[in-house]
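Participant: So that you have it, the file is coords.txt, and it contains compact mmCIF, C-alpha atoms and all ligand atoms:
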```txt
# COMPACT_ATOMS: atom_id res chain seq x y z
CA MET A 150 120.49 0.49 -65.91
CA LEU A 151 119.50 0.55 -62.27
CA LEU A 152 120.38 -2.96 -61.19
CA GLY A 153 119.24 -5.24 -58.47
CA HIS A 154 115.49 -4.84 -58.77
CA ASP A 155 113.17 -7.11 -60.59
CA LYS A 156 109.56 -6.93 -61.65
CA ILE A 157 106.65 -9.20 -62.35
CA GLU A 158 105.74 -8.79 -66.00
CA ILE A 159 102.13 -7.75 -66.28
CA LEU A 160 102.12 -5.46 -69.28
CA HIS A 161 102.30 -6.10 -73.00
CA LEU A 162 105.20 -3.78 -73.74
CA PRO A 163 106.19 -1.72 -75.60
CA THR A 164 103.13 0.52 -75.67
CA PRO A 165 102.69 2.15 -79.09
CA LEU A 166 104.42 5.37 -80.08
CA GLU A 167 102.30 6.89 -82.82
CA ARG A 168 102.40 10.08 -84.88
CA LEU A 169 99.32 12.26 -84.51
CA ASN A 170 99.00 13.33 -88.12
CA ASN A 171 95.98 15.60 -87.80
CA VAL A 172 97.22 17.67 -84.87
CA SER A 173 100.73 17.72 -86.35
CA ASP A 174 99.35 19.26 -89.56
CA ASP A 175 97.28 21.68 -87.55
CA LEU A 176 100.06 22.88 -85.24
CA GLY A 177 103.10 22.68 -87.53
CA VAL A 178 105.08 20.40 -85.19
CA ASN A 179 105.61 16.63 -85.41
CA ILE A 180 103.54 15.38 -82.51
CA TYR A 181 103.88 11.79 -81.37
CA CYS A 182 101.91 10.12 -78.61
CA LYS A 183 103.29 7.46 -76.27
CA ARG A 184 100.20 5.40 -75.53
CA ASP A 185 100.69 4.41 -71.90
CA ASP A 186 96.94 4.85 -71.60
CA LEU A 187 96.76 1.54 -73.46
CA THR A 188 98.46 -0.51 -70.75
CA ASN A 189 96.39 -3.58 -70.32
CA LEU A 190 94.55 -3.65 -66.99
CA ALA A 191 91.39 -1.85 -65.80
CA THR A 192 91.39 0.92 -68.46
CA GLY A 193 95.17 1.42 -68.22
CA GLY A 194 97.49 4.21 -67.15
CA ASN A 195 101.00 5.05 -66.00
CA LYS A 196 100.86 3.49 -62.53
CA LEU A 197 100.91 -0.04 -63.91
CA ARG A 198 104.57 0.28 -64.90
CA LYS A 199 105.45 1.18 -61.31
CA LEU A 200 103.22 -1.54 -59.94
CA GLU A 201 105.10 -4.28 -61.78
CA TYR A 202 107.99 -3.53 -59.39
CA PHE A 203 105.85 -3.10 -56.27
CA LEU A 204 104.11 -6.41 -56.96
CA LYS A 205 107.42 -8.25 -57.15
CA ASP A 206 108.54 -6.72 -53.87
CA ALA A 207 105.18 -7.49 -52.24
CA LEU A 208 105.15 -11.13 -53.35
CA ASP A 209 108.79 -11.56 -52.28
CA LYS A 210 107.77 -10.33 -48.84
CA GLY A 211 104.85 -12.78 -48.65
CA ALA A 212 102.12 -10.13 -48.82
CA THR A 213 98.48 -11.16 -49.08
CA MET A 214 97.14 -7.65 -49.46
CA LEU A 215 98.08 -4.32 -51.08
CA ILE A 216 97.01 -1.09 -49.40
CA THR A 217 97.58 2.37 -50.83
CA GLU A 218 96.35 5.93 -50.40
CA GLY A 219 95.35 8.93 -52.49
CA GLY A 220 92.39 11.10 -53.45
CA ALA A 221 88.99 9.41 -53.61
CA GLN A 222 89.38 9.31 -57.39
CA THR A 223 92.94 8.03 -57.36
CA ASN A 224 93.93 6.38 -60.64
CA HIS A 225 96.86 4.86 -58.82
CA GLY A 226 94.47 3.23 -56.32
CA ARG A 227 92.37 1.77 -59.13
CA LEU A 228 95.44 0.28 -60.79
CA THR A 229 96.78 -1.04 -57.48
CA ALA A 230 93.43 -2.80 -57.11
CA ALA A 231 93.77 -4.16 -60.65
CA VAL A 232 97.22 -5.64 -60.02
CA ALA A 233 96.15 -7.07 -56.65
CA THR A 234 93.08 -8.70 -58.19
CA LYS A 235 95.03 -10.20 -61.04
CA PHE A 236 97.52 -11.79 -58.64
CA GLY A 237 95.02 -13.04 -56.05
CA LEU A 238 95.77 -10.38 -53.42
CA LYS A 239 93.28 -8.31 -51.45
CA CYS A 240 93.32 -4.53 -51.84
CA ALA A 241 92.19 -1.43 -50.00
CA ILE A 242 92.52 2.29 -50.69
CA ILE A 243 92.63 4.93 -47.95
CA THR A 244 91.55 8.48 -48.67
CA GLU A 245 91.19 11.65 -46.63
CA ASP A 246 88.66 13.00 -49.14
CA GLU A 247 84.98 13.23 -48.32
CA TYR A 248 82.73 10.63 -49.87
CA PRO A 249 81.70 12.38 -53.13
CA GLY A 250 78.05 11.38 -52.76
CA GLU A 251 78.10 8.85 -55.57
CA ILE A 252 80.04 5.76 -56.58
CA SER A 253 81.32 6.84 -59.97
CA ALA A 254 84.46 6.77 -62.13
CA ASN A 255 87.43 5.20 -60.30
CA LEU A 256 85.34 4.39 -57.22
CA LEU A 257 83.01 2.34 -59.39
CA LEU A 258 85.91 0.40 -60.88
CA ASP A 259 87.53 -0.08 -57.44
CA GLY A 260 84.35 -1.64 -56.10
CA MET A 261 83.89 -3.79 -59.20
CA MET A 262 87.33 -5.27 -58.63
CA GLY A 263 86.47 -6.01 -54.99
CA CYS A 264 88.68 -3.28 -53.56
CA HIS A 265 87.55 -1.60 -50.32
CA VAL A 266 87.80 2.19 -50.08
CA HIS A 267 88.22 3.69 -46.58
CA PHE A 268 87.25 7.34 -46.12
CA VAL A 269 89.18 8.56 -43.07
CA LYS A 270 89.25 11.91 -41.25
CA ASP A 271 93.00 11.96 -40.71
CA MET A 272 95.50 10.06 -42.86
CA GLU A 273 98.07 9.39 -40.12
CA THR A 274 95.69 7.72 -37.69
CA GLY A 275 93.39 6.41 -40.44
CA ARG A 276 96.26 4.61 -42.13
CA GLN A 277 97.30 2.89 -38.89
CA GLU A 278 93.73 1.89 -38.08
CA VAL A 279 92.99 0.48 -41.53
CA ILE A 280 96.24 -1.51 -41.66
CA LYS A 281 95.59 -2.89 -38.17
CA HIS A 282 92.02 -3.80 -39.15
CA TYR A 283 93.29 -6.03 -41.97
CA GLU A 284 96.26 -7.38 -40.02
CA ASP A 285 93.86 -8.44 -37.27
CA GLN A 286 92.06 -10.45 -39.93
CA GLY A 287 95.31 -12.27 -40.69
CA GLU A 288 96.38 -10.33 -43.78
CA LYS A 289 100.03 -9.56 -44.49
CA VAL A 290 99.84 -6.00 -45.71
CA TYR A 291 102.20 -4.41 -48.27
CA TYR A 292 101.89 -0.63 -48.31
CA VAL A 293 102.31 1.11 -51.68
CA PRO A 294 103.05 4.85 -51.20
CA MET A 295 100.80 7.53 -52.71
CA GLY A 296 101.17 7.57 -56.49
CA GLY A 297 103.67 4.72 -56.25
CA SER A 298 106.40 7.37 -56.07
CA ASN A 299 109.37 6.23 -54.03
CA GLU A 300 112.74 4.70 -54.96
CA LEU A 301 111.15 1.56 -56.37
CA GLY A 302 108.41 3.44 -58.20
CA ILE A 303 110.81 5.23 -60.55
CA LEU A 304 111.98 1.98 -62.13
CA GLY A 305 108.92 1.60 -64.34
CA TYR A 306 109.51 4.95 -66.01
CA TYR A 307 113.27 4.54 -66.11
CA GLU A 308 112.54 1.49 -68.21
CA CYS A 309 109.93 3.38 -70.24
CA ALA A 310 112.55 6.04 -71.05
CA GLN A 311 114.72 3.35 -72.62
CA GLU A 312 111.74 1.87 -74.46
CA LEU A 313 110.80 5.31 -75.80
CA THR A 314 114.36 6.15 -76.87
CA ALA A 315 114.53 2.92 -78.90
CA GLN A 316 111.11 3.57 -80.49
CA ALA A 317 112.04 7.15 -81.38
CA GLN A 318 115.24 5.91 -82.97
CA GLU A 319 113.29 3.35 -85.02
CA LEU A 320 110.98 6.11 -86.29
CA GLY A 321 114.00 8.24 -87.25
CA ILE A 322 113.32 10.86 -84.58
CA GLU A 323 116.73 12.27 -83.74
CA ASP A 324 115.64 14.57 -80.96
CA ALA A 325 112.36 15.47 -79.36
CA THR A 326 110.87 17.13 -76.32
CA VAL A 327 108.84 14.70 -74.26
CA PHE A 328 105.92 16.23 -72.36
CA SER A 329 104.88 14.40 -69.22
CA THR A 330 102.62 15.20 -66.28
CA VAL A 331 104.17 15.82 -62.87
CA GLY A 332 101.98 14.68 -59.99
CA SER A 333 103.59 12.62 -57.24
CA MET A 334 106.80 12.97 -59.37
CA GLY A 335 107.68 9.29 -59.95
CA THR A 336 106.86 9.27 -63.65
CA TYR A 337 108.85 12.44 -64.32
CA MET A 338 111.82 11.34 -62.21
CA GLY A 339 111.94 7.87 -63.77
CA LEU A 340 111.84 9.32 -67.29
CA LEU A 341 114.43 11.98 -66.50
CA LEU A 342 116.89 9.53 -64.98
CA GLY A 343 116.27 7.06 -67.80
CA PHE A 344 117.04 9.74 -70.41
CA VAL A 345 120.03 11.33 -68.67
CA ASN A 346 121.68 8.22 -67.24
CA GLU A 347 121.34 6.30 -70.51
CA ASN A 348 122.44 9.20 -72.78
CA SER A 349 119.16 9.51 -74.65
CA PRO A 350 118.79 12.37 -77.15
CA LEU A 351 115.26 12.93 -75.81
CA LYS A 352 114.59 15.94 -73.55
CA LEU A 353 111.92 16.01 -70.88
CA LYS A 354 109.49 18.79 -69.98
CA GLY A 355 107.23 18.27 -66.99
CA ILE A 356 103.83 19.91 -66.66
CA ASN A 357 102.91 20.08 -63.00
CA VAL A 358 99.36 19.48 -61.76
CA LEU A 359 100.06 18.73 -58.06
CA PRO A 360 100.58 19.81 -55.35
CA TYR A 361 99.05 23.24 -55.52
CA ASP A 362 100.47 24.94 -52.44
CA GLY A 363 99.12 28.42 -53.16
CA SER A 364 102.56 30.05 -52.99
CA ASP A 365 103.97 32.48 -55.56
CA ASP A 366 106.98 30.31 -56.07
CA LEU A 367 105.41 27.11 -57.23
CA THR A 368 108.24 26.31 -59.64
CA GLU A 369 110.99 26.77 -57.03
CA ASN A 370 109.03 24.68 -54.54
CA LEU A 371 108.55 21.92 -57.10
CA LYS A 372 112.24 21.97 -58.02
CA ASP A 373 113.16 21.72 -54.32
CA ALA A 374 110.90 18.69 -53.99
CA LEU A 375 112.35 17.12 -57.14
CA LEU A 376 115.91 17.67 -55.91
CA GLU A 377 115.11 16.07 -52.57
CA TYR A 378 113.51 13.09 -54.35
CA PHE A 379 116.52 12.78 -56.66
CA GLN A 380 118.93 12.78 -53.72
CA GLN A 381 116.96 10.01 -52.05
CA ILE A 382 117.17 7.93 -55.26
CA LYS A 383 120.85 8.68 -55.81
CA LEU A 384 121.64 7.42 -52.33
CA PHE A 385 119.43 4.34 -52.66
CA TYR A 386 120.93 3.18 -55.98
CA ASN A 387 124.39 4.58 -55.35
CA LEU A 388 124.03 6.52 -58.60
CA ASP A 389 127.07 8.19 -60.09
CA LEU A 390 125.06 11.16 -61.34
CA GLU A 391 124.83 14.80 -60.28
CA LEU A 392 121.67 16.85 -60.93
CA THR A 393 120.87 20.38 -59.80
CA LYS A 394 117.61 22.31 -59.79
CA ALA A 395 118.52 23.72 -63.21
CA ASP A 396 118.23 20.21 -64.67
CA PHE A 397 114.52 20.03 -63.88
CA ASP A 398 112.60 21.54 -66.78
CA VAL A 399 109.12 21.94 -65.31
CA GLU A 400 106.15 24.29 -65.82
CA THR A 401 103.71 25.11 -63.05
CA LYS A 402 101.56 27.68 -64.87
CA TYR A 403 99.11 25.11 -66.21
CA ILE A 404 97.85 24.10 -62.75
CA HIS A 405 95.22 26.85 -63.08
CA GLY A 406 94.76 27.43 -59.37
CA ALA A 407 93.87 23.99 -58.06
CA TYR A 408 94.19 20.26 -58.44
CA ASN A 409 91.53 18.49 -60.53
CA ASN A 410 89.38 21.59 -61.09
CA PRO A 411 86.90 21.72 -64.00
CA LEU A 412 88.11 24.26 -66.60
CA PRO A 413 86.61 25.20 -69.98
CA GLU A 414 90.07 25.62 -71.57
CA ILE A 415 91.04 22.07 -70.58
CA ARG A 416 87.76 20.66 -71.88
CA ASP A 417 88.44 22.51 -75.15
CA MET A 418 91.72 20.58 -75.39
CA MET A 419 89.92 17.33 -74.59
CA TYR A 420 87.43 17.99 -77.41
CA TYR A 421 90.23 19.05 -79.74
CA LEU A 422 92.20 15.81 -79.32
CA ALA A 423 89.08 13.64 -79.35
CA ARG A 424 87.85 15.27 -82.57
CA LYS A 425 91.20 15.28 -84.37
CA GLU A 426 92.66 11.94 -83.26
CA ALA A 427 89.95 10.01 -81.35
CA ILE A 428 92.24 10.05 -78.30
CA ILE A 429 90.60 10.74 -74.95
CA ILE A 430 92.52 12.73 -72.34
CA ASP A 431 91.37 13.48 -68.80
CA PRO A 432 90.59 16.80 -67.10
CA CYS A 433 92.96 16.37 -64.13
CA TYR A 434 96.32 15.20 -65.54
CA THR A 435 96.72 14.64 -69.27
CA GLY A 436 94.34 17.46 -70.25
CA LYS A 437 96.47 20.05 -68.45
CA THR A 438 99.67 18.55 -69.86
CA PHE A 439 98.31 18.60 -73.39
CA GLU A 440 97.14 22.18 -72.91
CA GLY A 441 100.62 23.17 -71.71
CA MET A 442 102.24 21.49 -74.70
CA VAL A 443 99.91 23.19 -77.20
CA ASP A 444 100.40 26.56 -75.52
CA LEU A 445 104.21 26.26 -75.72
CA ILE A 446 103.92 25.27 -79.40
CA LYS A 447 101.62 28.21 -80.18
CA SER A 448 103.84 30.67 -78.30
CA GLY A 449 106.84 29.54 -80.39
CA GLU A 450 108.80 28.20 -77.40
CA ILE A 451 108.64 24.84 -79.17
CA PRO A 452 109.85 25.71 -82.69
CA GLN A 453 107.77 24.90 -85.76
CA GLY A 454 108.91 21.73 -87.50
CA SER A 455 110.42 20.21 -84.35
CA ASN A 456 109.45 16.91 -82.72
CA VAL A 457 107.46 16.49 -79.54
CA ILE A 458 106.23 13.39 -77.75
CA PHE A 459 103.14 13.58 -75.57
CA MET A 460 103.15 10.97 -72.80
CA HIS A 461 99.59 9.76 -72.50
CA THR A 462 99.54 8.51 -68.92
CA GLY A 463 95.86 7.47 -68.83
CA GLY A 464 93.27 8.73 -66.35
CA LEU A 465 90.23 8.00 -68.51
CA PRO A 466 87.81 7.37 -65.59
CA GLY A 467 88.29 11.00 -64.51
CA ILE A 468 85.81 12.19 -67.13
CA TYR A 469 83.06 10.32 -65.27
CA THR A 470 83.49 12.10 -61.92
CA LYS A 471 80.48 14.25 -61.17
CA HIS A 472 82.10 17.69 -61.19
CA HIS A 473 83.62 17.09 -64.63
CA ARG A 474 80.75 15.05 -66.05
CA VAL A 475 78.09 17.73 -65.42
CA GLU A 476 80.16 20.32 -67.32
CA LEU A 477 80.81 17.94 -70.19
CA GLU A 478 77.14 17.01 -70.37
CA LYS A 479 76.09 20.68 -70.56
CA GLU A 480 78.48 21.37 -73.41
CA LEU A 481 77.67 18.19 -75.32
CA MET A 482 73.90 18.53 -75.17
CA PRO A 483 73.77 20.20 -78.64
CA TYR A 484 75.07 16.90 -80.05
CA MET A 485 71.98 15.08 -78.80
CA HIS A 486 68.99 15.07 -81.14
CA PHE A 487 65.54 13.94 -80.05
C1 LIG B 501 96.56 9.78 -65.36
C2 LIG B 501 97.75 10.23 -64.61
N1 LIG B 501 98.72 10.87 -65.26
C3 LIG B 501 99.83 11.31 -64.63
C4 LIG B 501 99.98 11.15 -63.27
C5 LIG B 501 101.22 11.69 -62.62
O1 LIG B 501 102.15 10.70 -62.36
P1 LIG B 501 103.10 10.80 -61.09
O2 LIG B 501 102.22 10.72 -59.89
O3 LIG B 501 104.02 9.66 -61.23
O4 LIG B 501 103.78 12.13 -61.15
C6 LIG B 501 98.98 10.50 -62.53
C7 LIG B 501 99.10 10.35 -61.08
O5 LIG B 501 98.21 9.98 -60.39
C8 LIG B 501 97.84 10.02 -63.22
O6 LIG B 501 96.86 9.38 -62.57
```
Starting from the file, give its structure as C-alpha cells.
Facilitator:
Amino acid sequence: MLLGHDKIEILHLPTPLERLNNVSDDLGVNIYCKRDDLTNLATGGNKLRKLEYFLKDALDKGATMLITEGGAQTNHGRLTAAVATKFGLKCAIITEDEYPGEISANLLLDGMMGCHVHFVKDMETGRQEVIKHYEDQGEKVYYVPMGGSNELGILGYYECAQELTAQAQELGIEDATVFSTVGSMGTYMGLLLGFVNENSPLKLKGINVLPYDGSDDLTENLKDALLEYFQQIKLFYNLDLELTKADFDVETKYIHGAYNNPLPEIRDMMYYLARKEAIIIDPCYTGKTFEGMVDLIKSGEIPQGSNVIFMHTGGLPGIYTKHHRVELEKELMPYMHF
C-alpha cells in the first residue's frame, strides 16, 4: 500500500461489481461491470475517489475553497463542486473553452451546486487572475489539478484496484482484463500500480480518449507521457517498482480523430448497452472505452470464454451536451408516438 496519505471518507464503498448477463451471452465473453458510475454524489463518477484524498489535503491546509480546471463540460469539475459543497467549501472551475451558448449538462449541475465557472482566454493568466480574485475576497484556495491527476490523485484508483481484486476473487474470477478509460491518466495509473504493486491477477487495458495530438504516433506519445507520470509517482512515494513503456497496455485507435466528438458508432454502443443492460454510458469517455472493448472481443484479441471487467467511470451528464443531444434526439425520434 502507498502509505502516509489519508482521505476523508465520502463514498459508500465498495461500488458493485456485477456480471452483465445479456451482453455476456451475446458476445461469448464473461463481462463484468465495475459500477463507479454509482458513486454517491452529483450523479457519480471516477473523480470522487481521487477527491476523497484532495479534500483531506485541502482541509489539512485550512482551505476554504476548491478551484480546478478543465473543459467547459468537465466531469471532474462537477464532482469537485460536489465535494466542496458537501464539506462547506466554495468552488470554482476555470476553462479555456468558449461558452457553449447554453447552460446544460455539467454546467447546469455546477451552477445548481453554487459553483462558479470562469471562461478565460488563456489558462496561464486566467488561472492566476481567478485565484487572485477569490484570495482578495479572503478565500484560502486549494488548487486541484486538471482531472485530479497528480501524485495524490492516483491513490483513489490504487485503492479501487485492491477493492476490485478482492471482489473478483469473491466472484471466483481468477483472471480478467480490466478495461478503463485513459484521459488525464490518473485512473489508469492508479489501477495499474494497484494491480502490479499488490500482485493482483487482474490485467489492465487502457482505452485512450485524450489528448488527441494529431500525430501518427499517438500510442508512443501516450506511453511517453505515462512513463513520465510513473517516474514522478515513483519518486514521490519512493516506490520500489520498475516499469517500462512495454508495461503500459494502451489503445489509441478508438479516439476517432478528436476528443468528445459525436460519432454514430459510439452512439450505437450506447444504445446497445442501454437496451441490453439498462446501463447508460457517455459519448466522450465510457462510450469509446466500451466500443474498444467490444471491438477487441469481436476481433478475437480477447478470447471467447475469458473474463473482462468494464470500468464504468461515469460521465452521465455528457449525453445532455448540445452536440451529442441533437444527434441522439434525431435518432430517437422514431420512438416518440403522437
Ligand atoms: C467519465 C470519465 N471517465 C473517465 C475519465 C478518465 O479518467 P482520468 O482523467 O483519470 O484518466 C474521465 C476524466 O475526466 C471521466 O470524466
Participant: Quick one: residues within 10 Å of ligand LIG 501 (chain B), with only C-alpha atoms and all ligand atoms, as number ranges by chain?
Facilitator: A: 185-186, 193-196, 199, 219-220, 222-228, 295-299, 302-303, 305-306, 329-340, 355-359, 430-438, 460-467
Participant: What lies within 10 Å of segment 363-374 of chain A using only C-alpha atoms, ignoring chain neighbours under 3 positions off, as an MDAnalysis selection string?
Facilitator: chainID A and resid 331 334 357 359:360 377:380 393:402 404 406:407
Participant: Write out the residues from the selection above, keeping C-alpha atoms, as a PDB file, in the coordinates of the input.
Facilitator:
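So part_9.pdb came out as:
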```pdb
ATOM      1  CA  VAL A 331     104.170  15.820 -62.870  1.00  0.00           C
ATOM      2  CA  MET A 334     106.800  12.970 -59.370  1.00  0.00           C
ATOM      3  CA  ASN A 357     102.910  20.080 -63.000  1.00  0.00           C
ATOM      4  CA  LEU A 359     100.060  18.730 -58.060  1.00  0.00           C
ATOM      5  CA  PRO A 360     100.580  19.810 -55.350  1.00  0.00           C
ATOM      6  CA  GLU A 377     115.110  16.070 -52.570  1.00  0.00           C
ATOM      7  CA  TYR A 378     113.510  13.090 -54.350  1.00  0.00           C
ATOM      8  CA  PHE A 379     116.520  12.780 -56.660  1.00  0.00           C
ATOM      9  CA  GLN A 380     118.930  12.780 -53.720  1.00  0.00           C
ATOM     10  CA  THR A 393     120.870  20.380 -59.800  1.00  0.00           C
ATOM     11  CA  LYS A 394     117.610  22.310 -59.790  1.00  0.00           C
ATOM     12  CA  ALA A 395     118.520  23.720 -63.210  1.00  0.00           C
ATOM     13  CA  ASP A 396     118.230  20.210 -64.670  1.00  0.00           C
ATOM     14  CA  PHE A 397     114.520  20.030 -63.880  1.00  0.00           C
ATOM     15  CA  ASP A 398     112.600  21.540 -66.780  1.00  0.00           C
ATOM     16  CA  VAL A 399     109.120  21.940 -65.310  1.00  0.00           C
ATOM     17  CA  GLU A 400     106.150  24.290 -65.820  1.00  0.00           C
ATOM     18  CA  THR A 401     103.710  25.110 -63.050  1.00  0.00           C
ATOM     19  CA  LYS A 402     101.560  27.680 -64.870  1.00  0.00           C
ATOM     20  CA  ILE A 404      97.850  24.100 -62.750  1.00  0.00           C
ATOM     21  CA  GLY A 406      94.760  27.430 -59.370  1.00  0.00           C
ATOM     22  CA  ALA A 407      93.870  23.990 -58.060  1.00  0.00           C
TER      23      ALA A 407
END
```
Participant: Using all atoms listed in the file, can you tell me which of A:Ala230, A:Leu342, A:Val269, A:Leu204 comes closest to Tyr291 of chain A?
Facilitator: A:Leu204
Participant: Could you check which of A:Val345, A:Val475, A:Ile322, A:Leu258 is closest to Glu167 of chain A, using only C-alpha atoms?
Facilitator: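 Ranking A:Val345, A:Val475, A:Ile322, A:Leu258 by distance to Glu167 of chain A, first place goes to A:Ile322.
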Participant: Between A:Ile382, A:Ala191, A:Val327, A:Asn348, which residue has the minimum interatomic distance to Ser455 of chain A, considering only C-alpha atoms?
Facilitator: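 Distance minimum relative to Ser455 of chain A lands on A:Val327.
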Participant: From the structure block, carefully write segment 184-211 of chain A out with N, CA and C atoms; format it as a PDB file, in the first residue's frame.
Facilitator:
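Generated file (result.pdb):
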```pdb
ATOM      1  N   ARG A 184     -19.117  -0.660 -11.110  1.00  0.00           N
ATOM      2  CA  ARG A 184     -20.065   0.463 -11.195  1.00  0.00           C
ATOM      3  C   ARG A 184     -19.582   1.703 -10.441  1.00  0.00           C
ATOM      4  N   ASP A 185     -18.477   2.270 -10.904  1.00  0.00           N
ATOM      5  CA  ASP A 185     -18.032   3.528 -10.289  1.00  0.00           C
ATOM      6  C   ASP A 185     -18.869   4.717 -10.758  1.00  0.00           C
ATOM      7  N   ASP A 186     -19.792   4.442 -11.692  1.00  0.00           N
ATOM      8  CA  ASP A 186     -20.768   5.483 -12.036  1.00  0.00           C
ATOM      9  C   ASP A 186     -21.787   5.646 -10.899  1.00  0.00           C
ATOM     10  N   LEU A 187     -21.819   4.690  -9.993  1.00  0.00           N
ATOM     11  CA  LEU A 187     -22.798   4.747  -8.902  1.00  0.00           C
ATOM     12  C   LEU A 187     -22.236   5.384  -7.631  1.00  0.00           C
ATOM     13  N   THR A 188     -21.073   5.975  -7.711  1.00  0.00           N
ATOM     14  CA  THR A 188     -20.555   6.692  -6.528  1.00  0.00           C
ATOM     15  C   THR A 188     -21.519   7.825  -6.203  1.00  0.00           C
ATOM     16  N   ASN A 189     -21.588   8.139  -4.897  1.00  0.00           N
ATOM     17  CA  ASN A 189     -22.823   8.745  -4.411  1.00  0.00           C
ATOM     18  C   ASN A 189     -23.005  10.259  -4.395  1.00  0.00           C
ATOM     19  N   LEU A 190     -22.267  11.036  -5.141  1.00  0.00           N
ATOM     20  CA  LEU A 190     -22.565  12.477  -5.163  1.00  0.00           C
ATOM     21  C   LEU A 190     -22.786  12.957  -6.595  1.00  0.00           C
ATOM     22  N   ALA A 191     -23.799  13.810  -6.780  1.00  0.00           N
ATOM     23  CA  ALA A 191     -23.987  14.588  -8.016  1.00  0.00           C
ATOM     24  C   ALA A 191     -23.866  13.766  -9.306  1.00  0.00           C
ATOM     25  N   THR A 192     -24.558  12.665  -9.354  1.00  0.00           N
ATOM     26  CA  THR A 192     -24.636  11.697 -10.470  1.00  0.00           C
ATOM     27  C   THR A 192     -23.360  10.846 -10.647  1.00  0.00           C
ATOM     28  N   GLY A 193     -22.431  10.957  -9.722  1.00  0.00           N
ATOM     29  CA  GLY A 193     -21.336   9.981  -9.622  1.00  0.00           C
ATOM     30  C   GLY A 193     -20.248  10.069 -10.679  1.00  0.00           C
ATOM     31  N   GLY A 194     -19.242   9.207 -10.514  1.00  0.00           N
ATOM     32  CA  GLY A 194     -18.144   9.131 -11.476  1.00  0.00           C
ATOM     33  C   GLY A 194     -16.804   8.930 -10.795  1.00  0.00           C
ATOM     34  N   ASN A 195     -15.789   8.663 -11.617  1.00  0.00           N
ATOM     35  CA  ASN A 195     -14.482   8.235 -11.086  1.00  0.00           C
ATOM     36  C   ASN A 195     -13.779   9.284 -10.243  1.00  0.00           C
ATOM     37  N   LYS A 196     -14.005  10.568 -10.533  1.00  0.00           N
ATOM     38  CA  LYS A 196     -13.194  11.594  -9.867  1.00  0.00           C
ATOM     39  C   LYS A 196     -13.432  11.657  -8.359  1.00  0.00           C
ATOM     40  N   LEU A 197     -14.551  11.138  -7.918  1.00  0.00           N
ATOM     41  CA  LEU A 197     -14.840  11.210  -6.475  1.00  0.00           C
ATOM     42  C   LEU A 197     -13.822  10.430  -5.650  1.00  0.00           C
ATOM     43  N   ARG A 198     -13.333   9.315  -6.193  1.00  0.00           N
ATOM     44  CA  ARG A 198     -12.332   8.545  -5.433  1.00  0.00           C
ATOM     45  C   ARG A 198     -11.055   9.364  -5.244  1.00  0.00           C
ATOM     46  N   LYS A 199     -10.674  10.108  -6.271  1.00  0.00           N
ATOM     47  CA  LYS A 199      -9.482  10.950  -6.153  1.00  0.00           C
ATOM     48  C   LYS A 199      -9.755  12.087  -5.174  1.00  0.00           C
ATOM     49  N   LEU A 200     -10.964  12.616  -5.264  1.00  0.00           N
ATOM     50  CA  LEU A 200     -11.288  13.805  -4.467  1.00  0.00           C
ATOM     51  C   LEU A 200     -11.346  13.526  -2.969  1.00  0.00           C
ATOM     52  N   GLU A 201     -11.554  12.287  -2.582  1.00  0.00           N
ATOM     53  CA  GLU A 201     -11.501  11.971  -1.148  1.00  0.00           C
ATOM     54  C   GLU A 201     -10.122  12.334  -0.588  1.00  0.00           C
ATOM     55  N   TYR A 202      -9.085  12.126  -1.401  1.00  0.00           N
ATOM     56  CA  TYR A 202      -7.711  12.436  -0.963  1.00  0.00           C
ATOM     57  C   TYR A 202      -7.413  13.936  -1.065  1.00  0.00           C
ATOM     58  N   PHE A 203      -7.893  14.558  -2.146  1.00  0.00           N
ATOM     59  CA  PHE A 203      -7.660  16.009  -2.277  1.00  0.00           C
ATOM     60  C   PHE A 203      -8.377  16.766  -1.159  1.00  0.00           C
ATOM     61  N   LEU A 204      -9.564  16.316  -0.804  1.00  0.00           N
ATOM     62  CA  LEU A 204     -10.328  17.010   0.237  1.00  0.00           C
ATOM     63  C   LEU A 204      -9.573  16.977   1.560  1.00  0.00           C
ATOM     64  N   LYS A 205      -9.030  15.813   1.879  1.00  0.00           N
ATOM     65  CA  LYS A 205      -8.267  15.683   3.134  1.00  0.00           C
ATOM     66  C   LYS A 205      -7.092  16.671   3.127  1.00  0.00           C
ATOM     67  N   ASP A 206      -6.374  16.693   2.034  1.00  0.00           N
ATOM     68  CA  ASP A 206      -5.217  17.574   1.921  1.00  0.00           C
ATOM     69  C   ASP A 206      -5.658  19.043   2.035  1.00  0.00           C
ATOM     70  N   ALA A 207      -6.775  19.358   1.365  1.00  0.00           N
ATOM     71  CA  ALA A 207      -7.267  20.746   1.373  1.00  0.00           C
ATOM     72  C   ALA A 207      -7.684  21.164   2.783  1.00  0.00           C
ATOM     73  N   LEU A 208      -8.407  20.305   3.471  1.00  0.00           N
ATOM     74  CA  LEU A 208      -8.866  20.646   4.827  1.00  0.00           C
ATOM     75  C   LEU A 208      -7.678  20.743   5.784  1.00  0.00           C
ATOM     76  N   ASP A 209      -6.699  19.835   5.614  1.00  0.00           N
ATOM     77  CA  ASP A 209      -5.488  19.899   6.451  1.00  0.00           C
ATOM     78  C   ASP A 209      -4.766  21.242   6.274  1.00  0.00           C
ATOM     79  N   LYS A 210      -4.862  21.769   5.046  1.00  0.00           N
ATOM     80  CA  LYS A 210      -4.161  23.032   4.763  1.00  0.00           C
ATOM     81  C   LYS A 210      -5.034  24.249   5.052  1.00  0.00           C
ATOM     82  N   GLY A 211      -6.205  24.026   5.607  1.00  0.00           N
ATOM     83  CA  GLY A 211      -7.073  25.147   6.014  1.00  0.00           C
ATOM     84  C   GLY A 211      -7.810  25.814   4.865  1.00  0.00           C
TER      85      GLY A 211
END
```
